[in-house]
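Data from model_36.tsv: TSV, C-alpha atoms and all ligand atoms
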chain	number	residue	atom	x	y	z
A	1	MET	CA	-67.98	71.69	-100.61
A	2	ARG	CA	-65.30	69.80	-98.68
A	3	ILE	CA	-61.70	70.51	-99.59
A	4	TYR	CA	-58.82	68.25	-98.62
A	5	CYS	CA	-55.43	69.78	-99.30
A	6	GLU	CA	-52.82	67.01	-99.14
A	7	LYS	CA	-49.07	67.37	-99.20
A	8	ASP	CA	-48.41	65.38	-102.37
A	9	TYR	CA	-49.83	63.03	-104.99
A	10	ASP	CA	-49.62	59.93	-102.76
A	11	ALA	CA	-51.44	61.59	-99.88
A	12	MET	CA	-54.03	62.95	-102.32
A	13	SER	CA	-54.53	59.45	-103.71
A	14	ARG	CA	-54.98	57.87	-100.27
A	15	ARG	CA	-57.52	60.52	-99.29
A	16	ALA	CA	-59.50	60.13	-102.52
A	17	ALA	CA	-59.41	56.33	-102.16
A	18	SER	CA	-60.78	56.63	-98.63
A	19	VAL	CA	-63.77	58.61	-99.94
A	20	ILE	CA	-64.47	55.88	-102.52
A	21	ALA	CA	-63.95	53.10	-99.97
A	22	ALA	CA	-66.41	54.80	-97.60
A	23	GLN	CA	-68.97	54.80	-100.42
A	24	VAL	CA	-68.40	51.12	-101.22
A	25	VAL	CA	-68.48	50.05	-97.56
A	26	SER	CA	-71.66	51.99	-96.83
A	27	LYS	CA	-73.41	50.76	-100.00
A	28	PRO	CA	-71.72	47.63	-101.42
A	29	ASP	CA	-73.93	47.64	-104.55
A	30	CYS	CA	-73.29	51.32	-105.30
A	31	VAL	CA	-72.76	52.81	-108.75
A	32	LEU	CA	-69.32	54.33	-109.15
A	33	GLY	CA	-68.74	56.84	-111.92
A	34	LEU	CA	-65.09	56.32	-112.86
A	35	ALA	CA	-62.47	58.47	-114.53
A	36	THR	CA	-59.20	58.03	-116.39
A	37	GLY	CA	-56.08	60.17	-116.72
A	38	SER	CA	-53.01	60.35	-114.52
A	39	SER	CA	-54.86	61.96	-111.61
A	40	PRO	CA	-56.82	58.88	-110.44
A	41	VAL	CA	-54.09	56.26	-111.03
A	42	GLY	CA	-52.78	56.46	-107.45
A	43	THR	CA	-56.33	56.37	-106.11
A	44	TYR	CA	-56.93	53.10	-107.98
A	45	GLN	CA	-53.64	51.69	-106.69
A	46	GLN	CA	-54.71	52.37	-103.12
A	47	LEU	CA	-58.11	50.75	-103.71
A	48	ILE	CA	-56.35	47.69	-105.15
A	49	LYS	CA	-54.16	47.50	-102.01
A	50	TRP	CA	-57.19	47.54	-99.73
A	51	TYR	CA	-58.84	44.90	-101.91
A	52	GLU	CA	-55.73	42.68	-101.70
A	53	GLN	CA	-55.64	43.08	-97.92
A	54	GLY	CA	-59.27	41.92	-97.76
A	55	ASP	CA	-60.56	45.26	-96.54
A	56	LEU	CA	-62.64	46.15	-99.58
A	57	SER	CA	-64.73	44.27	-102.14
A	58	PHE	CA	-66.16	45.44	-105.47
A	59	ARG	CA	-68.20	42.26	-105.96
A	60	GLU	CA	-71.52	44.10	-106.06
A	61	VAL	CA	-70.31	47.45	-107.39
A	62	ARG	CA	-71.51	48.68	-110.78
A	63	SER	CA	-69.42	51.21	-112.66
A	64	VAL	CA	-69.94	53.69	-115.48
A	65	ASN	CA	-66.96	55.46	-116.99
A	66	LEU	CA	-67.02	59.04	-118.06
A	67	ASP	CA	-65.69	58.81	-121.57
A	68	GLU	CA	-63.82	57.03	-124.35
A	69	TYR	CA	-61.77	58.14	-127.35
A	70	TYR	CA	-63.79	57.80	-130.53
A	71	GLY	CA	-62.07	55.45	-132.97
A	72	LEU	CA	-60.02	53.42	-130.46
A	73	ALA	CA	-60.73	49.72	-129.97
A	74	PRO	CA	-61.19	48.51	-126.36
A	75	ASP	CA	-57.85	46.66	-126.55
A	76	HIS	CA	-55.91	49.68	-127.86
A	77	ASP	CA	-53.41	50.52	-125.14
A	78	GLN	CA	-54.56	54.14	-125.01
A	79	SER	CA	-58.29	53.41	-124.93
A	80	TYR	CA	-60.03	54.21	-121.69
A	81	ARG	CA	-61.46	50.67	-121.53
A	82	TYR	CA	-57.88	49.36	-121.59
A	83	PHE	CA	-56.87	51.95	-118.97
A	84	MET	CA	-59.64	50.80	-116.64
A	85	GLN	CA	-58.80	47.12	-117.09
A	86	THR	CA	-55.09	47.61	-116.41
A	87	ASN	CA	-55.37	50.24	-113.68
A	88	LEU	CA	-58.29	48.80	-111.70
A	89	PHE	CA	-60.71	46.19	-113.04
A	90	ASP	CA	-58.18	43.39	-113.66
A	91	HIS	CA	-56.89	43.70	-110.09
A	92	VAL	CA	-60.12	43.68	-108.07
A	93	ASP	CA	-63.25	41.52	-107.89
A	94	ILE	CA	-65.59	43.78	-109.87
A	95	LEU	CA	-67.64	41.68	-112.32
A	96	PRO	CA	-66.82	42.49	-115.97
A	97	GLU	CA	-70.52	42.65	-116.83
A	98	ASN	CA	-71.00	45.32	-114.17
A	99	THR	CA	-68.57	47.74	-115.84
A	100	SER	CA	-69.47	50.17	-118.62
A	101	VAL	CA	-67.32	52.33	-120.90
A	102	PRO	CA	-68.65	53.96	-124.10
A	103	ASP	CA	-67.91	51.97	-127.27
A	104	GLY	CA	-65.18	53.87	-129.11
A	105	LEU	CA	-65.79	51.83	-132.26
A	106	ALA	CA	-69.53	52.45	-132.49
A	107	LYS	CA	-70.49	53.13	-136.13
A	108	ASP	CA	-73.14	55.63	-135.15
A	109	PRO	CA	-71.75	57.83	-132.34
A	110	ALA	CA	-75.07	59.61	-131.78
A	111	ALA	CA	-76.79	56.26	-131.23
A	112	GLU	CA	-73.94	55.14	-128.95
A	113	GLY	CA	-74.32	58.36	-126.94
A	114	ALA	CA	-78.04	57.70	-126.52
A	115	ARG	CA	-77.41	54.06	-125.60
A	116	TYR	CA	-74.76	54.96	-123.05
A	117	GLU	CA	-76.96	57.61	-121.48
A	118	GLN	CA	-79.60	54.89	-121.08
A	119	VAL	CA	-77.04	52.65	-119.37
A	120	ALA	CA	-76.25	55.42	-116.88
A	121	ALA	CA	-79.94	56.21	-116.41
A	122	GLY	CA	-80.76	52.51	-116.00
A	123	LEU	CA	-78.29	52.33	-113.13
A	124	GLY	CA	-79.91	55.40	-111.57
A	125	TYR	CA	-76.74	57.43	-112.33
A	126	ALA	CA	-73.69	57.40	-110.07
A	127	ASP	CA	-73.79	57.34	-106.29
A	128	LEU	CA	-70.27	58.73	-106.43
A	129	GLN	CA	-68.67	60.25	-109.50
A	130	LEU	CA	-64.88	60.49	-109.57
A	131	LEU	CA	-63.52	63.31	-111.75
A	132	GLY	CA	-60.14	64.58	-112.84
A	133	MET	CA	-59.93	67.94	-114.47
A	134	GLY	CA	-58.27	69.10	-117.69
A	135	ARG	CA	-55.99	72.14	-117.65
A	136	ASN	CA	-58.70	74.02	-119.52
A	137	GLY	CA	-61.29	73.03	-116.89
A	138	HIS	CA	-62.80	70.17	-118.85
A	139	ILE	CA	-64.50	67.30	-117.04
A	140	GLY	CA	-64.92	63.96	-118.78
A	141	PHE	CA	-64.29	65.27	-122.27
A	142	ASN	CA	-66.69	68.19	-121.96
A	143	GLU	CA	-64.52	70.87	-123.49
A	144	PRO	CA	-65.00	74.63	-123.04
A	145	CYS	CA	-67.87	75.69	-125.30
A	146	ASP	CA	-70.90	77.98	-125.34
A	147	HIS	CA	-73.30	75.72	-123.42
A	148	PHE	CA	-73.30	72.86	-120.91
A	149	PRO	CA	-74.04	69.65	-122.90
A	150	LEU	CA	-76.68	67.60	-121.13
A	151	ALA	CA	-76.25	63.97	-122.14
A	152	THR	CA	-73.59	61.58	-123.48
A	153	HIS	CA	-72.41	62.83	-126.86
A	154	LEU	CA	-69.58	62.95	-129.39
A	155	VAL	CA	-67.21	65.85	-128.90
A	156	ASP	CA	-64.35	67.38	-130.90
A	157	LEU	CA	-61.27	67.60	-128.69
A	158	THR	CA	-59.59	70.98	-128.39
A	159	GLU	CA	-55.99	71.55	-129.41
A	160	SER	CA	-55.04	72.05	-125.73
A	161	THR	CA	-56.46	68.64	-124.77
A	162	ILE	CA	-54.84	66.92	-127.76
A	163	GLU	CA	-51.54	68.48	-126.76
A	164	ALA	CA	-51.95	67.57	-123.08
A	165	ASN	CA	-52.81	63.95	-123.92
A	166	ALA	CA	-50.13	63.58	-126.62
A	167	ARG	CA	-47.70	62.39	-123.94
A	168	PHE	CA	-49.50	59.04	-123.90
A	169	PHE	CA	-49.27	58.55	-127.68
A	170	ALA	CA	-46.33	58.24	-130.09
A	171	SER	CA	-47.09	61.77	-131.32
A	172	ALA	CA	-49.84	64.41	-131.19
A	173	ASP	CA	-50.96	63.18	-134.63
A	174	ASP	CA	-51.91	59.85	-133.09
A	175	VAL	CA	-54.28	61.37	-130.51
A	176	PRO	CA	-57.88	60.79	-131.59
A	177	ARG	CA	-59.65	64.04	-132.53
A	178	GLN	CA	-63.00	63.04	-131.05
A	179	ALA	CA	-64.39	61.33	-127.99
A	180	LEU	CA	-67.66	60.09	-126.55
A	181	THR	CA	-68.31	61.64	-123.19
A	182	MET	CA	-71.00	61.76	-120.55
A	183	GLY	CA	-72.63	65.18	-120.65
A	184	ILE	CA	-72.49	67.74	-117.89
A	185	GLY	CA	-76.08	66.75	-117.11
A	186	THR	CA	-75.07	63.09	-116.74
A	187	ILE	CA	-72.26	64.04	-114.38
A	188	MET	CA	-74.37	66.44	-112.31
A	189	ARG	CA	-76.94	63.70	-111.68
A	190	ALA	CA	-74.42	61.87	-109.48
A	191	ARG	CA	-75.36	62.00	-105.80
A	192	LYS	CA	-71.78	62.80	-104.79
A	193	ILE	CA	-68.82	64.09	-106.73
A	194	LEU	CA	-65.16	63.57	-105.90
A	195	VAL	CA	-62.61	65.67	-107.80
A	196	VAL	CA	-58.89	64.79	-107.74
A	197	VAL	CA	-56.30	67.29	-108.90
A	198	SER	CA	-52.56	67.41	-108.62
A	199	GLY	CA	-49.73	69.55	-109.93
A	200	ALA	CA	-49.13	73.26	-110.41
A	201	ASP	CA	-50.40	73.15	-113.99
A	202	LYS	CA	-53.93	72.57	-112.62
A	203	ALA	CA	-53.88	75.50	-110.17
A	204	ASP	CA	-55.46	78.03	-112.55
A	205	ALA	CA	-58.17	75.62	-113.67
A	206	VAL	CA	-58.97	74.75	-110.04
A	207	TRP	CA	-59.29	78.42	-109.09
A	208	LYS	CA	-61.47	79.20	-112.11
A	209	ALA	CA	-63.65	76.15	-111.50
A	210	PHE	CA	-64.34	76.77	-107.82
A	211	ARG	CA	-63.91	80.52	-107.36
A	212	GLY	CA	-64.60	81.94	-110.82
A	213	PRO	CA	-67.94	82.55	-112.55
A	214	ILE	CA	-70.06	79.55	-113.53
A	215	THR	CA	-69.59	79.36	-117.28
A	216	PRO	CA	-69.45	76.66	-119.98
A	217	ASP	CA	-66.11	78.18	-120.88
A	218	VAL	CA	-64.84	76.43	-117.73
A	219	PRO	CA	-66.97	73.26	-117.72
A	220	ALA	CA	-65.94	72.25	-114.16
A	221	SER	CA	-67.37	75.53	-112.82
A	222	ILE	CA	-70.83	73.91	-112.96
A	223	LEU	CA	-69.74	71.85	-109.94
A	224	GLN	CA	-70.31	74.95	-107.79
A	225	LEU	CA	-74.02	74.16	-108.21
A	226	HIS	CA	-73.71	70.55	-107.05
A	227	PRO	CA	-74.76	69.97	-103.42
A	228	ASP	CA	-72.14	67.35	-102.53
A	229	VAL	CA	-68.66	67.92	-103.93
A	230	THR	CA	-65.40	66.79	-102.33
A	231	LEU	CA	-62.25	68.28	-103.80
A	232	VAL	CA	-59.02	66.44	-103.01
A	233	GLY	CA	-55.83	68.01	-104.26
A	234	ASP	CA	-52.16	68.29	-103.57
A	235	GLU	CA	-50.72	71.56	-102.32
A	236	SER	CA	-49.59	72.80	-105.71
A	237	ALA	CA	-52.92	72.21	-107.46
A	238	LEU	CA	-54.80	73.92	-104.62
A	239	ALA	CA	-52.23	76.74	-104.16
A	240	LYS	CA	-54.50	79.46	-105.56
A	241	LEU	CA	-57.55	78.34	-103.57
A	242	THR	CA	-55.60	78.31	-100.32
A	243	GLU	CA	-54.01	81.72	-101.05
A	244	ASP	CA	-57.53	82.96	-101.46
A	245	LYS	CA	-58.63	82.05	-97.94
A	246	GLY	CA	-57.18	85.13	-96.31
B	301	LIG	C1	-58.54	63.44	-120.03
B	301	LIG	C2	-59.82	62.81	-119.48
B	301	LIG	C3	-60.33	63.54	-118.26
B	301	LIG	C4	-59.18	63.83	-117.31
B	301	LIG	C5	-58.19	64.73	-117.98
B	301	LIG	C6	-57.03	65.14	-117.09
B	301	LIG	O1	-58.77	64.41	-121.00
B	301	LIG	N1	-60.87	62.72	-120.43
B	301	LIG	O2	-61.34	62.75	-117.64
B	301	LIG	O3	-59.68	64.43	-116.14
B	301	LIG	O4	-57.67	64.03	-119.10
B	301	LIG	O5	-56.04	64.18	-117.13
B	301	LIG	P1	-54.85	64.07	-116.12
B	301	LIG	O6	-55.43	63.55	-114.85
B	301	LIG	O7	-53.91	63.10	-116.75
B	301	LIG	O8	-54.29	65.43	-115.97
Do you think you could lay out the structure here as C-alpha cells?
Ligand code: GLP
Amino acid sequence: MRIYCEKDYDAMSRRAASVIAAQVVSKPDCVLGLATGSSPVGTYQQLIKWYEQGDLSFREVRSVNLDEYYGLAPDHDQSYRYFMQTNLFDHVDILPENTSVPDGLAKDPAAEGARYEQVAAGLGYADLQLLGMGRNGHIGFNEPCDHFPLATHLVDLTESTIEANARFFASADDVPRQALTMGIGTIMRARKILVVVSGADKADAVWKAFRGPITPDVPASILQLHPDVTLVGDESALAKLTEDKG
C-alpha cells in the first residue's frame, strides 16, 4: 500500500487528483469508480481545473458511482446523482451516457441492485475506485455488519451514519434510512483503489481499517487484502498511522 500524508485538505485533494489524472492519461477510456461525500470534493475541483486548462479530458471515461440514497430522486439536492452533476460531471467533458449512479427511485431495490451490478460487471469493473471512508469505517454505504456483502444491494443506514450525514439535510429526520450501495465484492474487483481521508474524526477509523484486524465490523479493513491501494490523507486523519511507524 502507498500512503501519502499531506499537510492539509487542499494538498490531499491535489495528490488524490494526480492519481486519478495519471489513470485517465494512461488509459483515456478507463472506468472510474467515483465517490461522494465531503472528502472527494476538493479532488473533483482539482480535476475540473486541469480540464479547464486543457490538461485533462474525460471524453472517453466511463464512470460508476458507489452508491445512492434510496428514495431520493436524481434531482434532489442531496442525491448522489445531483452531487456528481454539480461537483464534477457538469464541469467536465464526460458524456452523460457514460456515467452511472444507482436509481434511488427504483421500485424494486433488489432488482436495481442486480441491474447495477450488471452495469459494473459490463464495464469490467473499475480501473480505479475512489473511496472516502465513514467514521465507522464504512465504504460506499457498506455499514459495519457480520459479513462482507458481495454485490450491489439495499442497506439500512446506521444511526452513526445518519447522524454524520444529517449536516447536509434540514434535520436528521430528513436523512434517508436506506441506500443502494456497491458491495464489498464490487469494490474489491477494482484494479486500483484510492482512499481519501481528512480530519481528526477519521483517525480512529483509518487506524482500524489499515492496522486493525480484517473484520466486517470495520468494512474498510478488507482493503488490506487488495493488492493496489493508495491512501491519501491529511496529517490529522493519518495521525495514528504515522505515530505507529516508530
Ligand atoms: C457517505 C458516503 C461514503 C463516504 C462517507 C464519508 O456515507 N456514502 O461514500 O465515504 O459518507 O463522507 P465524508 O467524506 O463527508 O466524511
For ligand LIG 301 (chain B), collect every residue having any atom at a distance of at most 10 Å from a ligand atom (counting all atoms listed in the file); output as a PDB file with C-alpha atoms, keeping the file's coordinate frame.
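Generated output (part.pdb):
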ATOM      1  CA  LEU A  34     -65.090  56.320-112.860  1.00  0.00           C
ATOM      2  CA  ALA A  35     -62.470  58.470-114.530  1.00  0.00           C
ATOM      3  CA  THR A  36     -59.200  58.030-116.390  1.00  0.00           C
ATOM      4  CA  GLY A  37     -56.080  60.170-116.720  1.00  0.00           C
ATOM      5  CA  SER A  38     -53.010  60.350-114.520  1.00  0.00           C
ATOM      6  CA  SER A  39     -54.860  61.960-111.610  1.00  0.00           C
ATOM      7  CA  PRO A  40     -56.820  58.880-110.440  1.00  0.00           C
ATOM      8  CA  VAL A  41     -54.090  56.260-111.030  1.00  0.00           C
ATOM      9  CA  ASN A  65     -66.960  55.460-116.990  1.00  0.00           C
ATOM     10  CA  LEU A  66     -67.020  59.040-118.060  1.00  0.00           C
ATOM     11  CA  ASP A  67     -65.690  58.810-121.570  1.00  0.00           C
ATOM     12  CA  GLU A  68     -63.820  57.030-124.350  1.00  0.00           C
ATOM     13  CA  TYR A  69     -61.770  58.140-127.350  1.00  0.00           C
ATOM     14  CA  TYR A  80     -60.030  54.210-121.690  1.00  0.00           C
ATOM     15  CA  LEU A 130     -64.880  60.490-109.570  1.00  0.00           C
ATOM     16  CA  LEU A 131     -63.520  63.310-111.750  1.00  0.00           C
ATOM     17  CA  GLY A 132     -60.140  64.580-112.840  1.00  0.00           C
ATOM     18  CA  MET A 133     -59.930  67.940-114.470  1.00  0.00           C
ATOM     19  CA  GLY A 134     -58.270  69.100-117.690  1.00  0.00           C
ATOM     20  CA  ARG A 135     -55.990  72.140-117.650  1.00  0.00           C
ATOM     21  CA  ASN A 136     -58.700  74.020-119.520  1.00  0.00           C
ATOM     22  CA  GLY A 137     -61.290  73.030-116.890  1.00  0.00           C
ATOM     23  CA  HIS A 138     -62.800  70.170-118.850  1.00  0.00           C
ATOM     24  CA  ILE A 139     -64.500  67.300-117.040  1.00  0.00           C
ATOM     25  CA  GLY A 140     -64.920  63.960-118.780  1.00  0.00           C
ATOM     26  CA  PHE A 141     -64.290  65.270-122.270  1.00  0.00           C
ATOM     27  CA  ASN A 142     -66.690  68.190-121.960  1.00  0.00           C
ATOM     28  CA  GLU A 143     -64.520  70.870-123.490  1.00  0.00           C
ATOM     29  CA  LEU A 157     -61.270  67.600-128.690  1.00  0.00           C
ATOM     30  CA  THR A 158     -59.590  70.980-128.390  1.00  0.00           C
ATOM     31  CA  SER A 160     -55.040  72.050-125.730  1.00  0.00           C
ATOM     32  CA  THR A 161     -56.460  68.640-124.770  1.00  0.00           C
ATOM     33  CA  ILE A 162     -54.840  66.920-127.760  1.00  0.00           C
ATOM     34  CA  ALA A 164     -51.950  67.570-123.080  1.00  0.00           C
ATOM     35  CA  ASN A 165     -52.810  63.950-123.920  1.00  0.00           C
ATOM     36  CA  ARG A 167     -47.700  62.390-123.940  1.00  0.00           C
ATOM     37  CA  PHE A 168     -49.500  59.040-123.900  1.00  0.00           C
ATOM     38  CA  ALA A 179     -64.390  61.330-127.990  1.00  0.00           C
ATOM     39  CA  LEU A 180     -67.660  60.090-126.550  1.00  0.00           C
ATOM     40  CA  THR A 181     -68.310  61.640-123.190  1.00  0.00           C
ATOM     41  CA  VAL A 195     -62.610  65.670-107.800  1.00  0.00           C
ATOM     42  CA  VAL A 196     -58.890  64.790-107.740  1.00  0.00           C
ATOM     43  CA  VAL A 197     -56.300  67.290-108.900  1.00  0.00           C
ATOM     44  CA  SER A 198     -52.560  67.410-108.620  1.00  0.00           C
ATOM     45  CA  GLY A 199     -49.730  69.550-109.930  1.00  0.00           C
ATOM     46  CA  ASP A 201     -50.400  73.150-113.990  1.00  0.00           C
ATOM     47  CA  LYS A 202     -53.930  72.570-112.620  1.00  0.00           C
TER      48      LYS A 202
END
May I ask for the distance between CA of Asp29 in chain A and CA of Leu47 in chain A, given in Å to one decimal place?
->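 Between CA of Asp29 in chain A and CA of Leu47 in chain A the gap is 16.1 Å.
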Practice prompt. List every protein, DNA or RNA residue that has at least one atom no more than 12 Å from (-78.4, 54.2, -117.3) in the file's coordinates, counting all atoms listed in the file, and write the result as a ChimeraX atom specification.
Written response: /A:31,33,62-65,98-102,113-126,151-152,182,186-187,189-190
By how many Å are CA of Val61 in chain A and CA of Leu95 in chain A apart?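 Interatomic distance here is 8.0 Å.
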(message) Between CA of Arg14 in chain A and CA of Leu194 in chain A, what distance in Å does the model show, to one decimal?
(response)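 About the pair CA of Arg14 in chain A and CA of Leu194 in chain A: they are 13.0 Å apart.
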Counting only C-alpha atoms, which residues of range 77-194 of chain A sit at most 9 Å from some atom of range 228-241 of chain A, and what is each one's closest atom pair with its distance in Å to one decimal, listed by chain and rising residue number, as a Markdown table?
| residue | atom | partner | partner_atom | distance |
| --- | --- | --- | --- | --- |
| A:Arg191 | CA | A:Asp228 | CA | 7.0 |
| A:Lys192 | CA | A:Asp228 | CA | 5.1 |
| A:Ile193 | CA | A:Val229 | CA | 4.7 |
| A:Leu194 | CA | A:Thr230 | CA | 4.8 |
For this session: Taking the point (-70.5, 74.5, -120.7) as given in the file, collect each protein or nucleic acid residue that comes within 8 Å of it, counting all atoms listed in the file, and present the set as a list in words.
Result: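 So the residues meeting the distance criterion are Asn142, Glu143, Pro144, Cys145, Asp146, His147, Phe148, Pro149, Ile184, Thr215, Pro216, Asp217, Val218, Pro219 and Ile222 of chain A.
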Residues near His91 in chain A, anyone? I mean within 12 Å using only C-alpha atoms, not counting same-chain ones fewer than 5 positions away, as a PyMOL selection string.
chain A and resi 44-52+57-58+84-86+96
Go ahead and dump the residues you just picked, C-alpha atoms, as a JSON list (two decimals), in the coordinates of the input.
[["chain", "number", "residue", "atom", "x", "y", "z"],
["A", 44, "TYR", "CA", -56.93, 53.10, -107.98],
["A", 45, "GLN", "CA", -53.64, 51.69, -106.69],
["A", 46, "GLN", "CA", -54.71, 52.37, -103.12],
["A", 47, "LEU", "CA", -58.11, 50.75, -103.71],
["A", 48, "ILE", "CA", -56.35, 47.69, -105.15],
["A", 49, "LYS", "CA", -54.16, 47.50, -102.01],
["A", 50, "TRP", "CA", -57.19, 47.54, -99.73],
["A", 51, "TYR", "CA", -58.84, 44.90, -101.91],
["A", 52, "GLU", "CA", -55.73, 42.68, -101.70],
["A", 57, "SER", "CA", -64.73, 44.27, -102.14],
["A", 58, "PHE", "CA", -66.16, 45.44, -105.47],
["A", 84, "MET", "CA", -59.64, 50.80, -116.64],
["A", 85, "GLN", "CA", -58.80, 47.12, -117.09],
["A", 86, "THR", "CA", -55.09, 47.61, -116.41],
["A", 96, "PRO", "CA", -66.82, 42.49, -115.97]]
Query raised in the report: Between A:Leu223, A:Ile214, A:Ile94, A:Ala200, which one has atoms that come closest to Cys30 in chain A, using all atoms listed in the file?
Result: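 That would be A:Ile94, the residue with the smallest distance to Cys30 in chain A.
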Original post:
Looking at A:Gln129, A:Leu150, A:Gly42, A:Arg177, which one is nearest to Glu163 in chain A, with distances taken over all atoms listed in the file?
Top reply: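 Under the stated criterion, the closest residue is A:Arg177.
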